[in-house]
>>> print(open('protein13.pdb').read())   # PDB, C-alpha atoms
ATOM      1  CA  MET U   5      -0.936 -27.432 -15.145
ATOM      2  CA  LYS U   6       2.328 -27.160 -13.218
ATOM      3  CA  CYS U   7       2.753 -25.199  -9.992
ATOM      4  CA  THR U   8       4.950 -22.616 -11.760
ATOM      5  CA  GLU U   9       2.204 -22.025 -14.314
ATOM      6  CA  PHE U  10      -0.301 -21.670 -11.505
ATOM      7  CA  LEU U  11       1.943 -19.192  -9.730
ATOM      8  CA  ALA U  12       2.305 -17.089 -12.873
ATOM      9  CA  LEU U  13      -1.477 -16.684 -12.949
ATOM     10  CA  LEU U  14      -1.972 -16.334  -9.197
ATOM     11  CA  ASP U  15      -2.504 -12.557  -9.276
ATOM     12  CA  ASP U  16      -4.984 -12.802 -12.128
ATOM     13  CA  LEU U  17      -6.925 -15.416 -10.188
ATOM     14  CA  ILE U  18      -6.927 -13.284  -7.034
ATOM     15  CA  ASP U  19      -7.909 -10.163  -8.964
ATOM     16  CA  GLY U  20     -10.594 -11.964 -10.924
ATOM     17  CA  THR U  21      -9.087 -11.112 -14.283
ATOM     18  CA  VAL U  22      -8.914 -14.611 -15.779
ATOM     19  CA  ASN U  23     -11.369 -15.913 -18.322
ATOM     20  CA  ALA U  24     -13.704 -18.780 -17.472
ATOM     21  CA  GLU U  25     -11.607 -21.410 -19.229
ATOM     22  CA  THR U  26      -8.378 -20.473 -17.447
ATOM     23  CA  ARG U  27     -10.194 -20.173 -14.144
ATOM     24  CA  ALA U  28     -11.493 -23.710 -14.544
ATOM     25  CA  GLU U  29      -7.940 -24.991 -15.213
ATOM     26  CA  LEU U  30      -6.623 -23.125 -12.175
ATOM     27  CA  GLU U  31      -9.362 -24.547  -9.987
ATOM     28  CA  VAL U  32      -8.612 -28.076 -11.157
ATOM     29  CA  HIS U  33      -4.973 -27.530 -10.190
ATOM     30  CA  LEU U  34      -6.004 -26.093  -6.814
ATOM     31  CA  GLY U  35      -8.187 -29.107  -6.135
ATOM     32  CA  GLY U  36      -5.226 -31.438  -6.487
ATOM     33  CA  CYS U  37      -2.342 -29.388  -5.098
ATOM     34  CA  ALA U  38      -2.386 -28.649  -1.380
ATOM     35  CA  HIS U  39       0.682 -26.404  -1.631
ATOM     36  CA  CYS U  40      -0.826 -24.103  -4.239
ATOM     37  CA  GLU U  41      -4.092 -24.043  -2.307
ATOM     38  CA  VAL U  42      -2.187 -22.763   0.756
ATOM     39  CA  VAL U  43      -0.295 -20.178  -1.293
ATOM     40  CA  PHE U  44      -3.525 -19.012  -2.915
ATOM     41  CA  SER U  45      -5.593 -18.740   0.271
ATOM     42  CA  THR U  46      -2.850 -17.152   2.378
ATOM     43  CA  THR U  47      -1.889 -14.643  -0.320
ATOM     44  CA  ARG U  48      -5.503 -13.615  -0.603
ATOM     45  CA  LYS U  49      -5.667 -13.322   3.178
ATOM     46  CA  THR U  50      -2.482 -11.209   3.180
ATOM     47  CA  ILE U  51      -4.106  -8.664   0.892
ATOM     48  CA  GLU U  52      -7.329  -8.693   2.879
ATOM     49  CA  ILE U  53      -5.497  -8.068   6.156
ATOM     50  CA  TYR U  54      -3.530  -5.117   4.785
ATOM     51  CA  ARG U  55      -6.653  -3.692   3.212
ATOM     52  CA  SER U  56      -8.748  -3.899   6.343
ATOM     53  CA  HIS U  57      -6.288  -2.759   9.018
ATOM     54  CA  GLU U  58      -5.139   0.814   9.433
ATOM     55  CA  ILE U  59      -1.456   0.585  10.299
ATOM     56  CA  TYR U  60      -0.615   4.268   9.948
ATOM     57  CA  ASP U  61      -3.403   5.988  11.773
ATOM     58  CA  LEU U  62      -3.840   9.727  11.489
ATOM     59  CA  PRO U  63      -5.258  10.778  14.877
ATOM     60  CA  ASP U  64      -8.059  13.321  14.687
ATOM     61  CA  GLY U  65      -6.056  15.968  16.546
ATOM     62  CA  LEU U  66      -3.143  15.765  14.134
ATOM     63  CA  ARG U  67      -5.496  15.517  11.186
ATOM     64  CA  GLU U  68      -7.253  18.733  12.175
ATOM     65  CA  ARG U  69      -3.960  20.548  12.735
ATOM     66  CA  LEU U  70      -2.605  19.565   9.330
ATOM     67  CA  HIS U  71      -5.916  20.318   7.702
ATOM     68  CA  THR U  72      -6.062  23.780   9.237
ATOM     69  CA  ALA U  73      -2.490  24.514   8.142
ATOM     70  CA  ILE U  74      -3.197  23.443   4.569
ATOM     71  CA  MET U  75      -6.362  25.483   4.296
ATOM     72  CA  ALA U  76      -4.730  28.567   5.834
ATOM     73  CA  ARG U  77      -1.998  28.448   3.175
ATOM     74  CA  CYS U  78      -4.518  27.875   0.378
ATOM     75  CA  LYS U  79      -6.614  30.848   1.479
ATOM     76  CA  LYS U  80      -3.539  33.081   1.295
ATOM     77  CA  GLY U  81      -3.399  32.217  -2.395
TER
ATOM     78  CA  MET X  27     -19.903  21.921 -16.870
ATOM     79  CA  PRO X  28     -16.980  20.914 -19.063
ATOM     80  CA  ILE X  29     -16.435  17.232 -19.606
ATOM     81  CA  ILE X  30     -13.322  16.492 -17.593
ATOM     82  CA  GLN X  31     -13.615  12.858 -16.757
ATOM     83  CA  THR X  32     -16.218  10.149 -16.600
ATOM     84  CA  VAL X  33     -14.791   7.715 -14.106
ATOM     85  CA  ALA X  34     -17.946   6.986 -12.137
ATOM     86  CA  GLY X  35     -19.732   5.830 -15.251
ATOM     87  CA  GLU X  36     -19.826   6.587 -18.918
ATOM     88  CA  PHE X  37     -22.328   9.395 -18.581
ATOM     89  CA  GLU X  38     -21.911  10.366 -14.972
ATOM     90  CA  PRO X  39     -18.983  12.593 -13.985
ATOM     91  CA  HIS X  40     -17.035  11.703 -10.854
ATOM     92  CA  PRO X  41     -18.110  13.901  -7.893
ATOM     93  CA  ASP X  42     -14.532  15.219  -7.671
ATOM     94  CA  VAL X  43     -14.948  16.872 -11.073
ATOM     95  CA  ALA X  44     -17.525  19.305  -9.744
ATOM     96  CA  LEU X  45     -15.356  20.037  -6.694
ATOM     97  CA  VAL X  46     -12.282  20.700  -8.838
ATOM     98  CA  GLU X  47     -14.308  23.040 -11.031
ATOM     99  CA  ARG X  48     -15.519  24.938  -7.984
ATOM    100  CA  VAL X  49     -11.945  25.293  -6.686
ATOM    101  CA  ARG X  50     -10.862  26.595 -10.071
ATOM    102  CA  GLY X  51     -13.652  29.128  -9.775
ATOM    103  CA  GLY X  52     -12.168  30.369  -6.492
ATOM    104  CA  ASP X  53     -14.206  28.343  -4.006
ATOM    105  CA  VAL X  54     -11.701  27.324  -1.325
ATOM    106  CA  THR X  55     -14.331  25.433   0.671
ATOM    107  CA  ALA X  56     -14.569  22.949  -2.202
ATOM    108  CA  TYR X  57     -10.861  22.257  -1.758
ATOM    109  CA  ASP X  58     -11.527  21.797   1.944
ATOM    110  CA  THR X  59     -13.870  18.950   0.966
ATOM    111  CA  LEU X  60     -11.239  17.346  -1.276
ATOM    112  CA  VAL X  61      -8.578  17.561   1.436
ATOM    113  CA  ARG X  62     -10.870  15.923   3.988
ATOM    114  CA  LYS X  63     -11.757  13.220   1.518
ATOM    115  CA  TYR X  64      -8.201  12.192   0.727
ATOM    116  CA  GLU X  65      -5.974  13.298   3.624
ATOM    117  CA  ARG X  66      -5.861   9.870   5.268
ATOM    118  CA  GLN X  67      -4.855   8.172   2.032
ATOM    119  CA  VAL X  68      -2.149  10.754   1.275
ATOM    120  CA  PHE X  69      -0.778  10.485   4.799
ATOM    121  CA  ARG X  70      -0.746   6.690   4.595
ATOM    122  CA  ILE X  71       1.091   6.669   1.272
ATOM    123  CA  ALA X  72       3.638   9.164   2.613
ATOM    124  CA  GLN X  73       4.187   6.990   5.695
ATOM    125  CA  HIS X  74       4.663   3.871   3.608
ATOM    126  CA  ILE X  75       7.295   5.560   1.451
ATOM    127  CA  THR X  76       9.149   7.743   3.953
ATOM    128  CA  GLN X  77       8.618   5.419   6.939
ATOM    129  CA  ASN X  78       8.901   8.456   9.128
ATOM    130  CA  ARG X  79       6.006  10.214  10.798
ATOM    131  CA  GLU X  80       7.350  13.770  10.656
ATOM    132  CA  ASP X  81       8.205  13.378   6.997
ATOM    133  CA  ALA X  82       4.752  11.991   6.310
ATOM    134  CA  GLU X  83       3.163  15.034   7.975
ATOM    135  CA  ASP X  84       5.292  17.380   5.870
ATOM    136  CA  VAL X  85       4.587  15.421   2.715
ATOM    137  CA  MET X  86       0.868  15.542   3.359
ATOM    138  CA  GLN X  87       0.917  19.327   3.701
ATOM    139  CA  ASP X  88       3.232  19.846   0.741
ATOM    140  CA  ALA X  89       1.288  17.486  -1.521
ATOM    141  CA  PHE X  90      -2.034  19.218  -0.897
ATOM    142  CA  LEU X  91      -0.496  22.659  -1.312
ATOM    143  CA  LYS X  92       1.219  21.640  -4.541
ATOM    144  CA  ALA X  93      -1.987  20.115  -5.874
ATOM    145  CA  TYR X  94      -3.798  23.361  -5.091
ATOM    146  CA  GLU X  95      -1.174  25.446  -6.831
ATOM    147  CA  LYS X  96      -1.080  23.174  -9.860
ATOM    148  CA  LEU X  97      -4.771  22.568 -10.198
ATOM    149  CA  ASP X  98      -4.790  24.389 -13.543
ATOM    150  CA  GLN X  99      -2.429  21.727 -14.860
ATOM    151  CA  PHE X 100      -4.829  18.949 -13.937
ATOM    152  CA  GLN X 101      -6.045  17.816 -17.323
ATOM    153  CA  GLY X 102      -8.843  15.596 -16.210
ATOM    154  CA  ASN X 103      -7.771  12.616 -18.289
ATOM    155  CA  SER X 104      -7.141  10.800 -15.023
ATOM    156  CA  LYS X 105      -8.992  10.810 -11.726
ATOM    157  CA  PHE X 106      -8.212  13.679  -9.358
ATOM    158  CA  TYR X 107      -7.283  11.091  -6.733
ATOM    159  CA  THR X 108      -4.743   9.388  -9.024
ATOM    160  CA  TRP X 109      -3.263  12.757  -9.910
ATOM    161  CA  LEU X 110      -3.024  13.641  -6.213
ATOM    162  CA  VAL X 111      -1.388  10.293  -5.413
ATOM    163  CA  ARG X 112       1.251  10.940  -8.056
ATOM    164  CA  ILE X 113       2.078  14.266  -6.387
ATOM    165  CA  ALA X 114       2.199  12.568  -2.968
ATOM    166  CA  VAL X 115       4.548   9.826  -4.252
ATOM    167  CA  ASN X 116       6.874  12.408  -5.804
ATOM    168  CA  GLU X 117       6.859  14.558  -2.672
ATOM    169  CA  SER X 118       7.620  11.485  -0.565
ATOM    170  CA  LEU X 119      10.580  10.506  -2.749
ATOM    171  CA  MET X 120      11.867  14.087  -2.609
ATOM    172  CA  ARG X 121      11.605  13.999   1.169
ATOM    173  CA  LEU X 122      13.607  10.762   1.271
ATOM    174  CA  ARG X 123      16.249  12.353  -0.914
ATOM    175  CA  LYS X 124      16.522  15.277   1.488
ATOM    176  CA  ARG X 125      16.974  12.849   4.376
ATOM    177  CA  ARG X 126      19.739  11.166   2.473
ATOM    178  CA  THR X 127      21.443  14.484   1.803
ATOM    179  CA  GLY X 128      20.807  14.713  -1.878
ATOM    180  CA  LYS X 129      21.376  11.100  -2.812
ATOM    181  CA  MET X 130      19.053  10.080  -5.624
ATOM    182  CA  VAL X 131      16.089   8.053  -4.542
ATOM    183  CA  SER X 132      14.099   6.042  -7.009
ATOM    184  CA  ILE X 133      11.379   3.486  -6.747
ATOM    185  CA  ASP X 134      13.669   1.011  -8.485
ATOM    186  CA  GLU X 135      16.119   0.682  -5.670
ATOM    187  CA  ASP X 136      16.555  -2.466  -3.616
ATOM    188  CA  ILE X 137      14.646  -4.786  -5.876
ATOM    189  CA  VAL X 138      17.431  -7.127  -6.867
ATOM    190  CA  THR X 139      16.382  -9.788  -4.431
ATOM    191  CA  ASP X 140      14.533 -12.855  -5.620
ATOM    192  CA  GLU X 141      13.345 -13.603  -2.129
ATOM    193  CA  GLY X 142       9.757 -14.730  -2.022
ATOM    194  CA  SER X 143       9.332 -15.229  -5.747
ATOM    195  CA  VAL X 144       9.082 -18.954  -5.054
ATOM    196  CA  PRO X 145       6.982 -19.770  -1.997
ATOM    197  CA  ARG X 146       8.896 -21.720   0.630
ATOM    198  CA  ASP X 147       6.713 -21.598   3.699
ATOM    199  CA  LEU X 148       3.815 -23.808   2.738
ATOM    200  CA  ALA X 149       2.254 -24.289   6.157
ATOM    201  CA  ASP X 150      -1.381 -23.288   6.266
ATOM    202  CA  TRP X 151      -2.526 -20.388   8.414
ATOM    203  CA  ALA X 152      -4.858 -20.541  11.355
ATOM    204  CA  PRO X 153      -8.439 -19.523  10.579
ATOM    205  CA  ASP X 154      -8.734 -15.742  11.105
ATOM    206  CA  PRO X 155      -5.113 -15.623  12.266
ATOM    207  CA  GLU X 156      -5.196 -11.910  13.039
ATOM    208  CA  GLN X 157      -7.549 -12.640  15.931
ATOM    209  CA  ASN X 158      -4.651 -14.239  17.810
ATOM    210  CA  TYR X 159      -3.175 -10.772  18.302
ATOM    211  CA  ASP X 160      -4.523  -7.631  19.849
ATOM    212  CA  GLN X 161      -4.922  -4.541  17.703
ATOM    213  CA  ALA X 162      -1.586  -2.953  18.635
ATOM    214  CA  GLU X 163       0.375  -6.179  18.204
ATOM    215  CA  LEU X 164      -1.201  -6.834  14.841
ATOM    216  CA  ALA X 165      -0.531  -3.303  13.618
ATOM    217  CA  GLU X 166       3.127  -3.661  14.602
ATOM    218  CA  ILE X 167       3.428  -7.011  12.818
ATOM    219  CA  LEU X 168       1.883  -5.555   9.669
ATOM    220  CA  ARG X 169       4.065  -2.429   9.829
ATOM    221  CA  LYS X 170       7.299  -4.307  10.356
ATOM    222  CA  THR X 171       6.484  -6.843   7.709
ATOM    223  CA  ILE X 172       5.712  -4.315   4.995
ATOM    224  CA  GLN X 173       8.637  -2.099   5.986
ATOM    225  CA  GLY X 174      10.913  -5.023   5.206
ATOM    226  CA  LEU X 175       9.835  -5.122   1.576
ATOM    227  CA  PRO X 176      12.053  -3.467  -1.027
ATOM    228  CA  GLN X 177      10.752   0.035  -1.714
ATOM    229  CA  GLY X 178       9.910  -0.706  -5.352
ATOM    230  CA  PHE X 179       7.675  -3.573  -4.314
ATOM    231  CA  ARG X 180       6.201  -1.812  -1.310
ATOM    232  CA  ILE X 181       4.947   1.198  -3.264
ATOM    233  CA  VAL X 182       3.311  -0.989  -5.890
ATOM    234  CA  PHE X 183       1.581  -3.126  -3.247
ATOM    235  CA  VAL X 184       0.375  -0.069  -1.323
ATOM    236  CA  LEU X 185      -1.028   1.730  -4.350
ATOM    237  CA  ARG X 186      -2.559  -1.341  -5.924
ATOM    238  CA  ASP X 187      -3.793  -3.395  -2.972
ATOM    239  CA  VAL X 188      -4.166  -0.947  -0.093
ATOM    240  CA  GLU X 189      -5.224   2.224  -1.889
ATOM    241  CA  GLY X 190      -7.159   0.469  -4.626
ATOM    242  CA  LEU X 191      -5.568   1.966  -7.745
ATOM    243  CA  SER X 192      -5.862  -0.146 -10.891
ATOM    244  CA  THR X 193      -2.790  -1.701 -12.494
ATOM    245  CA  GLU X 194      -2.920   0.974 -15.202
ATOM    246  CA  GLU X 195      -3.237   3.818 -12.689
ATOM    247  CA  THR X 196      -0.374   2.416 -10.619
ATOM    248  CA  ALA X 197       1.795   2.165 -13.741
ATOM    249  CA  GLU X 198       0.949   5.727 -14.748
ATOM    250  CA  THR X 199       1.528   7.070 -11.243
ATOM    251  CA  LEU X 200       4.943   5.444 -10.874
ATOM    252  CA  GLY X 201       6.074   5.783 -14.477
ATOM    253  CA  LEU X 202       6.354   2.002 -14.820
ATOM    254  CA  SER X 203       5.172  -0.333 -17.548
ATOM    255  CA  ILE X 204       2.132  -2.496 -16.866
ATOM    256  CA  PRO X 205       4.197  -5.731 -16.968
ATOM    257  CA  ALA X 206       6.597  -4.176 -14.432
ATOM    258  CA  VAL X 207       3.713  -3.335 -12.080
ATOM    259  CA  LYS X 208       2.303  -6.847 -12.428
ATOM    260  CA  SER X 209       5.658  -8.477 -11.786
ATOM    261  CA  ARG X 210       6.345  -6.328  -8.722
ATOM    262  CA  LEU X 211       2.866  -6.832  -7.346
ATOM    263  CA  LEU X 212       3.145 -10.618  -7.515
ATOM    264  CA  ARG X 213       6.509 -10.591  -5.794
ATOM    265  CA  ALA X 214       5.329  -8.104  -3.178
ATOM    266  CA  ARG X 215       2.288 -10.210  -2.370
ATOM    267  CA  LEU X 216       4.314 -13.410  -2.172
ATOM    268  CA  GLN X 217       7.009 -11.862  -0.009
ATOM    269  CA  LEU X 218       4.461 -10.408   2.401
ATOM    270  CA  ARG X 219       2.664 -13.748   2.558
ATOM    271  CA  GLU X 220       5.919 -15.519   3.281
ATOM    272  CA  ARG X 221       6.871 -13.093   6.037
ATOM    273  CA  LEU X 222       3.438 -13.092   7.637
ATOM    274  CA  SER X 223       3.429 -16.899   7.711
ATOM    275  CA  ARG X 224       5.752 -16.863  10.704
ATOM    276  CA  TYR X 225       3.057 -15.143  12.727
ATOM    277  CA  PHE X 226      -0.075 -16.644  11.265
ATOM    278  CA  HIS X 227       0.654 -20.327  10.667
ATOM    279  CA  LYS X 228      -1.358 -22.949  12.491
ATOM    280  CA  ARG X 229       0.043 -23.912  15.833
ATOM    281  CA  LYS X 230       0.680 -27.628  15.953
ATOM    282  CA  SER X 231       0.927 -28.052  19.703
ATOM    283  CA  PRO X 232       0.796 -25.910  22.842
ATOM    284  CA  LYS X 233       4.592 -25.754  22.727
ATOM    285  CA  ASP X 234       4.395 -23.998  19.373
ATOM    286  CA  GLN X 235       3.888 -20.523  20.730
ATOM    287  CA  ARG X 236       3.237 -17.701  18.320
ATOM    288  CA  PRO X 237       6.033 -15.166  17.995
ATOM    289  CA  LYS X 238       5.122 -12.151  20.066
ATOM    290  CA  ALA X 239       5.253  -8.789  18.390
ATOM    291  CA  ALA X 240       5.316  -5.880  20.753
ATOM    292  CA  GLY X 241       5.028  -6.777  24.407
ATOM    293  CA  PRO X 242       6.469  -3.982  26.518
ATOM    294  CA  ARG X 243       8.340  -6.449  28.700
ATOM    295  CA  GLU X 244      10.246  -7.777  25.747
ATOM    296  CA  ALA X 245      11.604  -4.526  24.483
ATOM    297  CA  SER X 246      15.159  -5.678  25.056
ATOM    298  CA  SER X 247      14.794  -8.754  22.896
ATOM    299  CA  ARG X 248      12.807  -7.061  20.182
ATOM    300  CA  ALA X 249      15.702  -5.630  18.248
ATOM    301  CA  GLN X 250      17.476  -8.952  18.228
ATOM    302  CA  ARG X 251      14.370 -10.771  17.064
ATOM    303  CA  SER X 252      13.747  -8.237  14.307
ATOM    304  CA  LYS X 253      17.306  -8.696  13.196
ATOM    305  CA  GLU X 254      16.857 -12.436  13.090
ATOM    306  CA  GLN X 255      13.682 -12.063  11.087
ATOM    307  CA  GLY X 256      15.194  -9.541   8.729
ATOM    308  CA  LEU X 257      12.700  -6.879   9.695
ATOM    309  CA  GLY X 258      13.534  -3.208  10.070
ATOM    310  CA  GLU X 259      12.764  -1.319  13.243
ATOM    311  CA  SER X 260       9.725   0.935  13.217
ATOM    312  CA  GLY X 261      10.559   4.485  12.217
ATOM    313  CA  SER X 262      13.689   3.608  10.270
ATOM    314  CA  GLU X 263      13.908   4.898   6.735
ATOM    315  CA  LYS X 264      14.679   1.612   5.128
TER
END
>>> encode(input="protein13.pdb", output="structure tokens")
Amino acid sequence: MKCTEFLALLDDLIDGTVNAETRAELEVHLGGCAHCEVVFSTTRKTIEIYRSHEIYDLPDGLRERLHTAIMARCKKG
Amino acid sequence: MPIIQTVAGEFEPHPDVALVERVRGGDVTAYDTLVRKYERQVFRIAQHITQNREDAEDVMQDAFLKAYEKLDQFQGNSKFYTWLVRIAVNESLMRLRKRRTGKMVSIDEDIVTDEGSVPRDLADWAPDPEQNYDQAELAEILRKTIQGLPQGFRIVFVLRDVEGLSTEETAETLGLSIPAVKSRLLRARLQLRERLSRYFHKRKSPKDQRPKAAGPREASSRAQRSKEQGLGESGSEK
């Protein structure tokens, strides 16, 4: 497997949507290609970091104010 | 109860179905529950698209009000959350258009670049690299990095990887084909990875200092550094 072929299947590997046979081929490539191993592990880490860190926080005070405004309008019908 | 959707399992309706039914029956408190459940997600999506806090606040209000008004049009062949996200995305794009005085805004803009489709920075990252930054610094790095992505990639990444929509739901929400979502997601992930590498790569020696993100004493140099790194300033629209 070439690096470009690996890259084309990178998302499927990360998302766990490859079949067992393809996964085995990808893992063989990973075992022998340090560059693809770095791309794979750091891309996975990128997703994990964005998933686990709140970068646009909605403070409770603002949240309550917006919530109250929405519900007041809804109750008016 | 009518069969509206069975997303939680083949025989078990999603809890939102019962809430939507109660709202349709005139129970406003059930809508209160739905708003509380999804307000953070809607606000986050609006921030990612508009990149402006005031706009995101307006979008959040407008999206929930529109969803309430249009609840009769909710067919139930998708999750309530996905339906709500579609409204929030459309409201956000409308808000951007208003900011740009009527100029059309689409999720397809700014995606001509091939940057990041082939990885260039192949240096490994430090273990748990985010621990080298405090919470505020890290949040600023993550904000600036994702703000630098083309809009059409950013929305796909946010819906798919941050908000947890499936590829199919993301495609339906944005009116894109599944191959288009997959292609954009891969490029978004690779571009973000590439851009984050400058902050997270292993330091080879004590001289290799990490780039600082948000120190108050470096405010004057921040704009210049962002320019050099191709990153937009926080709060800018694009």
>>> closest_residue(input="protein13.pdb", among="X:Glu47, X:Asp88, X:Glu189, X:Asp154", to="Glu58 of chain U", atoms="all atoms listed in the file")
X:Glu189
>>> interface_residues(input="protein13.pdb", of="chain U", to="chain X", cutoff="8 Å", atoms="only C-alpha atoms", output="list in words")
Leu14, Asp15, His39, Val42, Val43, Thr46, Thr47, Thr50, Ile51, Ile53, Tyr54, Arg55, His57, Glu58, Ile59, Tyr60, Asp61, Leu62, Arg67, Leu70, His71, Ala73, Ile74, Met75, Arg77, Cys78 and Lys79 of chain U
>>> atom_distance(input="protein13.pdb", atom1="atom CA of Thr26 of chain U", atom2="atom CA of Ser45 of chain U")
18.0 Å
>>> atom_distance(input="protein13.pdb", atom1="atom CA of Asp16 of chain U", atom2="atom CA of Ala197 of chain X")
16.5 Å
>>> residues_around(input="protein13.pdb", residues="Glu31 of chain U", least_positions_apart="3", cutoff="12 Å", atoms="only C-alpha atoms", output="ChimeraX atom specification")
/U:5,10,13-14,17-18,22,24-28,34-38,40-41,44
>>> atom_distance(input="protein13.pdb", atom1="atom CA of Pro205 of chain X", atom2="atom CA of Thr193 of chain X")
9.2 Å
>>> closest_residue(input="protein13.pdb", among="X:Val85, X:Ala44, X:Leu191, X:Ile181", to="Glu117 of chain X", atoms="only C-alpha atoms")
X:Val85
>>> closest_residue(input="protein13.pdb", among="X:Asn158, X:Ser192, X:Gln99, X:Asn116", to="Thr21 of chain U", atoms="all atoms listed in the file")
X:Ser192
>>> residues_near_point(input="protein13.pdb", point="(-0.9, 6.9, -6.1)", cutoff="9 Å", atoms="only C-alpha atoms", output="number ranges by chain")
X: 68, 71, 107-115, 181-182, 184-186, 189, 191, 195-196, 198-200
